[in-house]
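The data block below is target.txt; it holds compact mmCIF, C-alpha atoms.
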# COMPACT_ATOMS: atom_id res chain seq x y z
CA MET A 188 0.00 0.00 0.00
CA THR A 189 1.23 3.49 -0.86
CA VAL A 190 1.58 6.15 1.82
CA PHE A 191 0.61 9.54 0.41
CA LEU A 192 2.45 12.63 1.67
CA VAL A 193 -0.14 15.28 0.83
CA GLY A 194 -0.09 19.07 0.96
CA ALA A 195 -3.22 20.60 2.48
CA GLY A 196 -2.63 24.07 1.06
CA PRO A 197 -2.51 27.41 2.86
CA GLY A 198 -5.77 27.28 4.83
CA ASP A 199 -8.78 27.87 2.56
CA PRO A 200 -10.23 24.36 2.05
CA GLU A 201 -11.10 25.25 -1.56
CA LEU A 202 -7.37 25.54 -2.23
CA LEU A 203 -6.96 21.81 -1.70
CA THR A 204 -6.12 19.95 -4.92
CA LEU A 205 -8.57 17.55 -6.57
CA LYS A 206 -6.07 14.76 -5.88
CA ALA A 207 -5.80 15.58 -2.18
CA ALA A 208 -9.59 15.66 -1.90
CA ARG A 209 -9.88 12.29 -3.63
CA LEU A 210 -7.25 10.69 -1.40
CA LEU A 211 -8.81 12.09 1.78
CA ALA A 212 -12.21 10.73 0.74
CA SER A 213 -10.88 7.17 0.58
CA ALA A 214 -8.26 7.12 3.34
CA ASP A 215 -8.41 4.73 6.29
CA VAL A 216 -6.25 6.98 8.42
CA VAL A 217 -5.13 10.61 8.18
CA VAL A 218 -2.03 11.70 10.09
CA HIS A 219 -2.10 15.48 10.29
CA ASP A 220 -0.17 18.49 11.54
CA ALA A 221 -1.32 21.40 13.67
CA LEU A 222 -1.00 23.69 10.63
CA VAL A 223 -3.77 21.94 8.67
CA GLY A 224 -6.84 24.17 8.76
CA ASP A 225 -10.10 23.13 10.43
CA GLY A 226 -11.94 23.61 7.15
CA VAL A 227 -9.76 20.97 5.51
CA LEU A 228 -10.16 18.56 8.44
CA ALA A 229 -13.94 19.02 8.20
CA MET A 230 -13.82 17.58 4.65
CA ILE A 231 -12.57 14.21 5.91
CA PRO A 232 -15.42 11.67 6.02
CA ASP A 233 -16.77 10.48 9.37
CA GLY A 234 -15.27 7.13 10.30
CA THR A 235 -11.80 7.97 9.04
CA GLU A 236 -9.22 7.61 11.79
CA LEU A 237 -7.55 10.97 12.54
CA ILE A 238 -4.15 11.09 14.23
CA ASP A 239 -3.03 14.57 15.28
CA VAL A 240 0.77 14.71 15.44
CA GLY A 241 0.94 18.50 15.60
CA LYS A 242 3.87 19.87 17.54
CA ARG A 243 2.64 22.31 20.17
CA PRO A 244 4.23 24.08 23.14
CA GLY A 245 4.49 21.60 25.99
CA ARG A 246 3.56 18.71 23.72
CA PRO A 247 6.56 17.82 21.60
CA VAL A 248 6.15 15.10 19.00
CA THR A 249 9.48 14.05 17.58
CA GLN A 250 9.96 13.79 13.85
CA GLU A 251 11.36 10.29 14.37
CA LEU A 252 8.13 9.20 16.07
CA ILE A 253 6.05 10.49 13.15
CA SER A 254 8.25 8.70 10.62
CA THR A 255 8.03 5.45 12.62
CA LEU A 256 4.24 5.78 12.78
CA LEU A 257 4.00 6.24 8.99
CA VAL A 258 6.18 3.18 8.37
CA GLN A 259 4.05 1.08 10.73
CA LEU A 260 0.76 2.21 9.19
CA GLY A 261 2.10 1.64 5.68
CA ARG A 262 3.32 -1.86 6.55
CA ALA A 263 -0.06 -2.67 8.10
CA GLY A 264 -1.65 -2.09 4.69
CA ARG A 265 -3.75 0.87 5.80
CA ARG A 266 -4.67 3.55 3.26
CA VAL A 267 -2.61 6.34 4.80
CA VAL A 268 -2.69 10.06 4.04
CA ARG A 269 0.00 12.11 5.77
CA LEU A 270 -1.58 15.56 5.59
CA LYS A 271 0.74 18.54 5.98
CA GLY A 272 0.00 22.28 5.95
CA GLY A 273 1.02 23.93 2.67
CA ASP A 274 3.36 21.74 0.61
CA PRO A 275 5.12 18.66 2.03
CA PHE A 276 8.49 19.65 0.56
CA VAL A 277 8.48 23.36 1.56
CA PHE A 278 9.55 23.46 5.21
CA GLY A 279 7.23 20.52 5.79
CA ARG A 280 9.86 17.99 6.84
CA GLY A 281 8.40 15.85 4.05
CA GLY A 282 11.89 15.03 2.82
CA GLU A 283 12.68 13.32 6.10
CA GLU A 284 9.46 11.31 6.08
CA ALA A 285 10.01 10.31 2.46
CA ALA A 286 13.54 9.16 3.33
CA ALA A 287 12.27 7.11 6.29
CA LEU A 288 9.64 5.40 4.12
CA ARG A 289 12.15 4.70 1.36
CA ASP A 290 14.66 3.26 3.83
CA ALA A 291 11.93 1.00 5.24
CA GLY A 292 10.86 -0.18 1.80
CA VAL A 293 7.37 1.32 2.10
CA ALA A 294 5.97 2.76 -1.15
CA PHE A 295 5.08 6.44 -1.00
CA GLU A 296 3.99 9.28 -3.24
CA VAL A 297 4.28 13.03 -2.72
CA VAL A 298 1.24 15.13 -3.65
CA PRO A 299 2.17 18.82 -3.77
CA GLY A 300 0.01 21.48 -2.17
CA ILE A 301 -0.13 25.23 -2.46
CA SER A 302 2.53 26.66 -0.19
CA SER A 303 1.71 29.65 1.98
CA ALA A 304 5.11 30.94 0.80
CA VAL A 305 3.41 32.01 -2.45
CA ALA A 306 -0.27 32.08 -1.44
CA ALA A 307 0.21 34.40 1.54
CA PRO A 308 1.88 37.18 -0.48
CA ALA A 309 -0.76 36.71 -3.21
CA ALA A 310 -3.54 37.00 -0.63
CA ALA A 311 -2.00 40.32 0.42
CA GLY A 312 -1.93 41.47 -3.22
CA VAL A 313 1.83 40.97 -3.63
CA PRO A 314 3.08 39.09 -6.73
CA VAL A 315 6.39 37.44 -5.72
CA THR A 316 7.71 38.16 -9.21
CA HIS A 317 6.89 41.23 -11.28
CA ARG A 318 8.35 42.34 -14.57
CA GLY A 319 10.92 45.06 -14.11
CA VAL A 320 10.77 44.80 -10.31
CA ALA A 321 11.54 41.26 -9.13
CA ALA A 322 12.98 38.53 -11.36
CA ALA A 323 13.43 36.12 -8.45
CA PHE A 324 12.03 35.28 -5.04
CA THR A 325 13.58 33.49 -2.11
CA VAL A 326 11.68 31.56 0.54
CA VAL A 327 13.56 31.23 3.80
CA THR A 328 12.86 30.27 7.37
CA GLY A 329 13.42 32.83 10.09
CA HIS A 330 13.36 30.10 12.72
CA ARG A 331 16.75 28.48 13.25
CA GLN A 332 16.83 24.88 14.41
CA ALA A 333 19.78 22.89 15.67
CA GLY A 334 21.56 21.39 12.68
CA GLU A 335 20.29 23.96 10.20
CA PRO A 336 22.86 25.98 8.27
CA ASP A 337 22.74 29.72 8.94
CA VAL A 338 21.03 31.93 6.40
CA ASP A 339 23.33 34.49 4.79
CA TRP A 340 20.91 37.42 4.94
CA ARG A 341 23.43 39.90 3.55
CA SER A 342 23.99 37.85 0.40
CA LEU A 343 20.25 37.42 0.14
CA ALA A 344 19.84 41.20 0.20
CA ALA A 345 22.19 41.39 -2.81
CA VAL A 346 20.17 38.90 -4.89
CA GLY A 347 17.56 41.53 -5.54
CA GLY A 348 14.24 39.70 -5.56
CA THR A 349 11.28 39.29 -3.25
CA ILE A 350 12.13 37.72 0.11
CA VAL A 351 9.50 35.54 1.81
CA VAL A 352 10.31 34.73 5.43
CA LEU A 353 8.35 31.94 7.09
CA MET A 354 8.31 31.57 10.87
CA GLY A 355 10.12 34.89 11.22
CA VAL A 356 8.01 36.83 13.72
CA ALA A 357 10.31 36.39 16.72
CA GLN A 358 13.47 37.26 14.77
CA ARG A 359 12.00 39.99 12.56
CA GLY A 360 14.07 42.78 14.07
CA ALA A 361 17.37 40.96 13.66
CA ILE A 362 16.46 39.83 10.14
CA ALA A 363 15.55 43.37 9.06
CA ALA A 364 18.82 44.70 10.49
CA GLU A 365 20.87 42.11 8.58
CA LEU A 366 19.02 42.80 5.32
CA ILE A 367 19.63 46.54 5.71
CA ALA A 368 23.31 45.86 6.51
CA GLY A 369 23.38 43.83 3.28
CA GLY A 370 22.25 46.83 1.27
CA LEU A 371 18.44 46.79 1.23
CA ASP A 372 16.83 50.22 1.36
CA THR A 373 15.38 51.08 4.78
CA ALA A 374 12.14 52.05 2.98
CA THR A 375 11.72 48.63 1.34
CA PRO A 376 8.01 47.78 1.68
CA VAL A 377 7.09 44.84 3.93
CA ALA A 378 3.81 42.97 4.29
CA ALA A 379 3.32 40.62 7.25
CA VAL A 380 0.45 38.18 6.75
CA HIS A 381 -1.25 36.09 9.45
CA SER A 382 -3.75 33.27 8.72
CA ALA A 383 -3.47 33.88 4.99
CA THR A 384 -6.39 32.87 2.72
CA THR A 385 -8.70 32.25 5.70
CA ASP A 386 -11.52 34.41 7.04
CA GLY A 387 -9.18 35.45 9.83
CA GLN A 388 -6.44 36.85 7.60
CA VAL A 389 -4.63 39.88 9.05
CA THR A 390 -2.11 41.88 7.00
CA ALA A 391 0.27 44.47 8.49
CA ARG A 392 2.26 46.76 6.18
CA CYS A 393 5.33 48.79 7.06
CA ARG A 394 8.83 49.83 5.93
CA LEU A 395 11.73 47.47 6.51
CA ASP A 396 13.17 49.74 9.21
CA GLU A 397 9.81 49.70 11.04
CA LEU A 398 9.45 45.92 11.06
CA ALA A 399 11.02 45.43 14.51
CA THR A 400 8.47 47.74 16.14
CA THR A 401 5.45 46.75 14.04
CA GLU A 402 3.01 44.46 15.78
CA VAL A 403 2.82 41.13 13.95
CA ARG A 404 0.80 38.14 15.10
CA SER A 405 2.48 34.76 15.30
CA PRO A 406 0.50 31.67 14.19
CA MET B 141 -18.61 40.76 -12.41
CA THR B 142 -15.32 39.51 -10.99
CA VAL B 143 -12.50 38.39 -13.30
CA PHE B 144 -10.69 35.43 -11.78
CA LEU B 145 -6.94 35.10 -12.36
CA VAL B 146 -6.55 31.37 -11.77
CA GLY B 147 -3.53 29.09 -11.53
CA ALA B 148 -3.88 25.83 -13.48
CA GLY B 149 -1.08 24.05 -11.64
CA PRO B 150 1.96 22.28 -13.08
CA GLY B 151 0.32 19.98 -15.63
CA ASP B 152 -1.42 17.04 -13.94
CA PRO B 153 -5.13 18.00 -14.06
CA GLU B 154 -5.65 16.43 -10.62
CA LEU B 155 -3.35 19.12 -9.21
CA LEU B 156 -5.93 21.77 -10.00
CA THR B 157 -7.53 23.26 -6.87
CA LEU B 158 -11.16 22.64 -5.97
CA LYS B 159 -11.76 26.38 -6.42
CA ALA B 160 -10.23 26.44 -9.92
CA ALA B 161 -12.35 23.44 -10.92
CA ARG B 162 -15.51 25.12 -9.59
CA LEU B 163 -14.77 28.38 -11.42
CA LEU B 164 -13.98 26.59 -14.70
CA ALA B 165 -17.24 24.66 -14.47
CA SER B 166 -19.30 27.87 -14.39
CA ALA B 167 -17.24 30.22 -16.59
CA ASP B 168 -18.64 31.85 -19.72
CA VAL B 169 -15.19 32.38 -21.19
CA VAL B 170 -11.74 31.01 -20.39
CA VAL B 171 -8.68 32.96 -21.55
CA HIS B 172 -5.71 30.59 -21.38
CA ASP B 173 -1.97 30.39 -21.94
CA ALA B 174 0.04 27.91 -23.96
CA LEU B 175 1.43 26.46 -20.72
CA VAL B 176 -1.95 25.17 -19.51
CA GLY B 177 -1.99 21.40 -19.98
CA ASP B 178 -4.39 19.64 -22.35
CA GLY B 179 -5.74 17.59 -19.43
CA VAL B 180 -6.85 20.78 -17.67
CA LEU B 181 -8.41 22.21 -20.84
CA ALA B 182 -10.32 18.94 -21.28
CA MET B 183 -12.07 19.59 -17.94
CA ILE B 184 -13.73 22.75 -19.24
CA PRO B 185 -17.39 22.08 -20.15
CA ASP B 186 -18.45 22.06 -23.80
CA GLY B 187 -20.01 25.37 -24.75
CA THR B 188 -17.56 27.48 -22.76
CA GLU B 189 -15.78 29.97 -24.98
CA LEU B 190 -12.03 29.31 -25.06
CA ILE B 191 -9.59 32.06 -26.04
CA ASP B 192 -5.99 30.91 -26.53
CA VAL B 193 -3.63 33.82 -25.92
CA GLY B 194 -0.53 31.64 -25.69
CA LYS B 195 2.65 33.27 -26.87
CA ARG B 196 4.34 31.06 -29.47
CA PRO B 197 7.24 31.51 -31.88
CA GLY B 198 6.02 33.52 -34.83
CA ARG B 199 2.77 34.35 -33.08
CA PRO B 200 3.42 37.04 -30.52
CA VAL B 201 0.54 38.15 -28.32
CA THR B 202 1.40 41.28 -26.38
CA GLN B 203 0.75 41.44 -22.67
CA GLU B 204 -1.05 44.74 -23.25
CA LEU B 205 -3.48 43.05 -25.64
CA ILE B 206 -4.27 40.34 -23.07
CA SER B 207 -4.86 42.92 -20.34
CA THR B 208 -7.15 44.91 -22.64
CA LEU B 209 -9.10 41.76 -23.51
CA LEU B 210 -9.62 40.93 -19.82
CA VAL B 211 -10.85 44.44 -19.07
CA GLN B 212 -13.29 44.30 -22.00
CA LEU B 213 -14.65 40.88 -21.02
CA GLY B 214 -14.98 41.94 -17.39
CA ARG B 215 -16.84 45.13 -18.33
CA ALA B 216 -19.15 43.12 -20.58
CA GLY B 217 -20.31 41.19 -17.51
CA ARG B 218 -19.02 37.83 -18.72
CA ARG B 219 -17.97 35.22 -16.16
CA VAL B 220 -14.24 35.28 -16.99
CA VAL B 221 -11.54 32.86 -15.90
CA ARG B 222 -8.00 33.88 -16.88
CA LEU B 223 -6.26 30.50 -16.67
CA LYS B 224 -2.48 30.54 -16.33
CA GLY B 225 -0.01 27.68 -16.07
CA GLY B 226 1.27 27.16 -12.53
CA ASP B 227 0.53 30.13 -10.28
CA PRO B 228 -0.57 33.53 -11.61
CA PHE B 229 1.92 35.43 -9.44
CA VAL B 230 5.01 33.24 -10.07
CA PHE B 231 6.43 34.37 -13.42
CA GLY B 232 2.86 34.41 -14.72
CA ARG B 233 2.63 38.15 -15.48
CA GLY B 234 -0.43 38.02 -13.22
CA GLY B 235 0.73 41.15 -11.43
CA GLU B 236 0.50 43.14 -14.64
CA GLU B 237 -3.00 41.83 -15.42
CA ALA B 238 -4.14 42.53 -11.87
CA ALA B 239 -2.80 46.09 -12.15
CA ALA B 240 -4.59 46.64 -15.48
CA LEU B 241 -7.89 45.40 -14.04
CA ARG B 242 -7.49 47.54 -10.92
CA ASP B 243 -6.69 50.62 -12.98
CA ALA B 244 -9.78 49.99 -15.11
CA GLY B 245 -12.02 49.57 -12.07
CA VAL B 246 -12.85 45.93 -12.90
CA ALA B 247 -13.16 43.64 -9.86
CA PHE B 248 -10.76 40.71 -9.83
CA GLU B 249 -9.62 37.89 -7.58
CA VAL B 250 -6.40 35.87 -7.67
CA VAL B 251 -6.73 32.11 -7.16
CA PRO B 252 -3.31 30.57 -6.51
CA GLY B 253 -2.19 27.39 -8.24
CA ILE B 254 0.62 24.96 -7.61
CA SER B 255 3.75 26.39 -9.19
CA SER B 256 6.03 24.13 -11.17
CA ALA B 257 8.82 25.91 -9.25
CA VAL B 258 8.03 23.61 -6.32
CA ALA B 259 6.12 20.77 -7.97
CA ALA B 260 8.79 20.00 -10.58
CA PRO B 261 11.56 19.41 -8.02
CA ALA B 262 9.11 17.37 -5.91
CA ALA B 263 8.20 15.26 -8.94
CA ALA B 264 11.92 14.56 -9.35
CA GLY B 265 12.17 13.55 -5.68
CA VAL B 266 13.90 16.76 -4.59
CA PRO B 267 12.57 18.59 -1.52
CA VAL B 268 13.41 22.28 -2.01
CA THR B 269 14.08 22.54 1.72
CA HIS B 270 15.60 19.83 3.87
CA ARG B 271 16.69 19.97 7.47
CA GLY B 272 20.44 20.40 7.79
CA VAL B 273 20.88 20.79 4.02
CA ALA B 274 18.78 23.68 2.69
CA ALA B 275 17.05 26.28 4.89
CA ALA B 276 16.00 28.37 1.89
CA PHE B 277 15.18 28.11 -1.78
CA THR B 278 15.24 30.71 -4.51
CA VAL B 279 13.12 30.65 -7.65
CA VAL B 280 14.60 32.65 -10.50
CA THR B 281 14.12 33.03 -14.22
CA GLY B 282 16.99 32.15 -16.53
CA HIS B 283 15.32 34.03 -19.37
CA ARG B 284 16.14 37.73 -19.37
CA GLN B 285 13.61 40.11 -20.82
CA ALA B 286 14.04 43.76 -21.68
CA GLY B 287 13.32 45.81 -18.59
CA GLU B 288 14.10 42.98 -16.17
CA PRO B 289 16.83 43.59 -13.58
CA ASP B 290 19.82 41.27 -13.91
CA VAL B 291 20.05 38.33 -11.54
CA ASP B 292 23.10 38.43 -9.27
CA TRP B 293 24.01 34.73 -9.61
CA ARG B 294 27.17 35.06 -7.54
CA SER B 295 25.28 36.45 -4.54
CA LEU B 296 22.69 33.77 -5.06
CA ALA B 297 25.41 31.12 -4.83
CA ALA B 298 26.37 32.57 -1.43
CA VAL B 299 22.82 32.32 -0.03
CA GLY B 300 23.24 28.59 0.39
CA GLY B 301 19.84 27.09 -0.43
CA THR B 302 18.21 25.23 -3.29
CA ILE B 303 18.13 27.19 -6.56
CA VAL B 304 15.21 26.62 -8.93
CA VAL B 305 15.75 28.10 -12.39
CA LEU B 306 12.73 28.43 -14.66
CA MET B 307 13.15 28.99 -18.40
CA GLY B 308 16.87 28.41 -18.06
CA VAL B 309 17.63 25.80 -20.73
CA ALA B 310 19.24 28.14 -23.26
CA GLN B 311 21.39 29.92 -20.64
CA ARG B 312 22.24 26.88 -18.52
CA GLY B 313 25.96 26.94 -19.33
CA ALA B 314 26.38 30.61 -18.47
CA ILE B 315 24.29 30.26 -15.31
CA ALA B 316 26.32 27.26 -14.10
CA ALA B 317 29.56 29.16 -14.74
CA GLU B 318 28.36 32.18 -12.73
CA LEU B 319 27.19 29.99 -9.83
CA ILE B 320 30.57 28.21 -9.74
CA ALA B 321 32.34 31.58 -9.87
CA GLY B 322 30.16 32.59 -6.90
CA GLY B 323 31.46 29.68 -4.87
CA LEU B 324 29.19 26.70 -5.56
CA ASP B 325 30.95 23.33 -5.68
CA THR B 326 31.43 22.00 -9.21
CA ALA B 327 29.95 18.70 -8.01
CA THR B 328 26.69 20.30 -6.79
CA PRO B 329 23.91 17.96 -7.93
CA VAL B 330 21.50 19.25 -10.58
CA ALA B 331 18.16 17.86 -11.75
CA ALA B 332 16.59 19.19 -14.96
CA VAL B 333 12.89 18.39 -15.26
CA HIS B 334 10.79 18.58 -18.41
CA SER B 335 6.96 18.27 -18.48
CA ALA B 336 6.88 17.77 -14.70
CA THR B 337 3.94 15.85 -13.16
CA THR B 338 2.67 14.74 -16.58
CA ASP B 339 2.96 11.31 -18.22
CA GLY B 340 5.70 12.76 -20.40
CA GLN B 341 7.97 13.86 -17.55
CA VAL B 342 11.70 13.58 -18.32
CA THR B 343 14.35 14.14 -15.64
CA ALA B 344 18.06 14.56 -16.39
CA ARG B 345 20.58 14.50 -13.53
CA CYS B 346 24.16 15.74 -13.59
CA ARG B 347 26.82 17.73 -11.73
CA LEU B 348 26.79 21.52 -11.95
CA ASP B 349 29.95 21.52 -14.11
CA GLU B 350 28.30 19.07 -16.54
CA LEU B 351 25.12 21.12 -17.01
CA ALA B 352 26.31 22.98 -20.10
CA THR B 353 26.93 19.71 -21.97
CA THR B 354 23.97 17.75 -20.58
CA GLU B 355 21.07 17.41 -22.97
CA VAL B 356 17.99 19.11 -21.55
CA ARG B 357 14.68 19.47 -23.32
CA SER B 358 13.06 22.87 -23.53
CA PRO B 359 9.25 23.08 -23.16

Any chance you could give the structure as structure tokens?
Amino acid sequence: MTVFLVGAGPGDPELLTLKAARLLASADVVVHDALVGDGVLAMIPDGTELIDVGKRPGRPVTQELISTLLVQLGRAGRRVVRLKGGDPFVFGRGGEEAAALRDAGVAFEVVPGISSAVAAPAAAGVPVTHRGVAAAFTVVTGHRQAGEPDVDWRSLAAVGGTIVVLMGVAQRGAIAAELIAGGLDTATPVAAVHSATTDGQVTARCRLDELATTEVRSP
Amino acid sequence: MTVFLVGAGPGDPELLTLKAARLLASADVVVHDALVGDGVLAMIPDGTELIDVGKRPGRPVTQELISTLLVQLGRAGRRVVRLKGGDPFVFGRGGEEAAALRDAGVAFEVVPGISSAVAAPAAAGVPVTHRGVAAAFTVVTGHRQAGEPDVDWRSLAAVGGTIVVLMGVAQRGAIAAELIAGGLDTATPVAAVHSATTDGQVTARCRLDELATTEVRSP
């Protein structure tokens, strides 16, 4: 049996793919993250087993445990959907789960989803590329984890495209300072988007040099 | 009437969003690009007017003409879907069409789609981010157009994440040389993906210093 690593999109349940909807409708068990929206979870038929492996403060779930669970469910012949917020391969740790399944000899397939990295700027009216303005965009995490290489913010400032920072609320002041040190104009426009594409979306706009003191909600 | 700027996804019609499928089912007229896959076009009901504005060699369609067409159709009260390959705001010129509609006072809404920038690497088994390996990814066009700022490939090499080059087949030798000059290892692994997520997908793999001489198909 194939384990499907499926992207749930940015929040709006209508931004689920047809393939994700089909797989959810026929799954035996859905293993989901905290970032998957309630509207998407509501689309899963009654009777489907739901396993919430969302990491939350005070309730750590190790990545190794999740990978072991997926291997066990796959080996048991269950129809498994591993449902992840956004896209499985964009800061979704999907690469690690895919590697664990491959190492265990369990068949798997990755089903991409719409990443909030693109959908959140779009929902705020910001094209990540625009002719004559931005010929590139970089998606980067503002949240450093042990074992992650450091981000070279000053080089990133020199690249000259749109910069999308995920999980950057806590470090926004330090990130803005590094980008300015790398040559970005202090007046560079910034949009900070919370709960993008949902009814609760909040967008804050400011200049880069105001980002540290601008109130931004964390997910 | 609202004009919908809709992403058609990377090729596989099942990677369309539920929202895109709903809008296509009720559209009066669909204005589409050459990059929209045949499988997606086949989902549009008979009787819907299809306008192909795809740019092809020897048959240039100016962006201004497309924007004017969308404004006219929107003002005429037609139910318009502007269907673009991938995502409208990722190298889709969607920003220009949105600006033209806004300037003309025609209501519009952007419906994101899955960009090949993420789906093509995934379909080749490459997560664009991976813990301990890549904490960022940059999406950049290899095809320079008049009025576009140059890409600073050497700074990009210093950023230290995955680099996704769209429309880069013709310039792949020059791009590889610049990235190596910027500090990337000559043995950096490269995957070149053609017709990603479709039955005709072709993936070529090589080292960065072999890219210039590796055969890669252009769309």

Problem - For Val273 in chain B, the nearest of the candidates A:Ala285, A:Val338, A:Ala391, A:Ala195, counting all atoms listed in the file - result: A:Val338

Exercise for the section: Pick out the chain A residues within 8 Å of chain B. Count only C-alpha atoms. Give them as number ranges by chain. Expected result: A: 201-206, 276-278, 280-283, 297, 299-302, 305-306, 309-310, 313-328, 334-340, 342-343, 345-347

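Near range 392-403 of chain A, within 6 Å and counting only C-alpha atoms, sit Arg359, Gly360, Thr373, Ala374, Thr375, Pro376, Val377 and Ala378 of chain A, not including residues fewer than 2 positions from it in the same chain.
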
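Look at range 173-183 of chain B: the protein and nucleic acid residues within 6 Å of it, using only C-alpha atoms and passing over chain neighbours fewer than 6 places away, are Gly151, Pro153, Val193, Gly194, Lys224 and Gly225 of chain B.
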
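Across the structure, CA of Asp239 in chain A and CA of Gly261 in chain A are spaced 16.9 Å apart.
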
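For the atom pair formed by CA of Thr390 in chain A and CA of Ala361 in chain A, the distance is 20.6 Å, given to one decimal.
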
Problem - Nearby residues (only C-alpha atoms) at most 12 Å from Ser213 in chain A, same-chain spacing under 2 positions excluded, as a count of residues only - result: 21

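If you look at CA of Ala379 in chain A and CA of Leu366 in chain A, they are 16.0 Å away from each other.
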
Practice task
Step by step: start from the point (3.1, 1.5, 5.9) in the file's coordinates, keep every protein, DNA or RNA residue that has an atom no farther than 9 Å from it, count all atoms listed in the file, and write the set as a ChimeraX atom specification.
Solution key: /A:188-190,256-267,288,291-295

Could you write out the selected residues, including C-alpha atoms, as a short mmCIF file (atom, residue, chain, number, x, y, z; two decimals), keeping the file's coordinate frame?
data_model
loop_
_atom_site.label_atom_id
_atom_site.label_comp_id
_atom_site.auth_asym_id
_atom_site.auth_seq_id
_atom_site.Cartn_x
_atom_site.Cartn_y
_atom_site.Cartn_z
CA MET A 188 0.00 0.00 0.00
CA THR A 189 1.23 3.49 -0.86
CA VAL A 190 1.58 6.15 1.82
CA LEU A 256 4.24 5.78 12.78
CA LEU A 257 4.00 6.24 8.99
CA VAL A 258 6.18 3.18 8.37
CA GLN A 259 4.05 1.08 10.73
CA LEU A 260 0.76 2.21 9.19
CA GLY A 261 2.10 1.64 5.68
CA ARG A 262 3.32 -1.86 6.55
CA ALA A 263 -0.06 -2.67 8.10
CA GLY A 264 -1.65 -2.09 4.69
CA ARG A 265 -3.75 0.87 5.80
CA ARG A 266 -4.67 3.55 3.26
CA VAL A 267 -2.61 6.34 4.80
CA LEU A 288 9.64 5.40 4.12
CA ALA A 291 11.93 1.00 5.24
CA GLY A 292 10.86 -0.18 1.80
CA VAL A 293 7.37 1.32 2.10
CA ALA A 294 5.97 2.76 -1.15
CA PHE A 295 5.08 6.44 -1.00
#
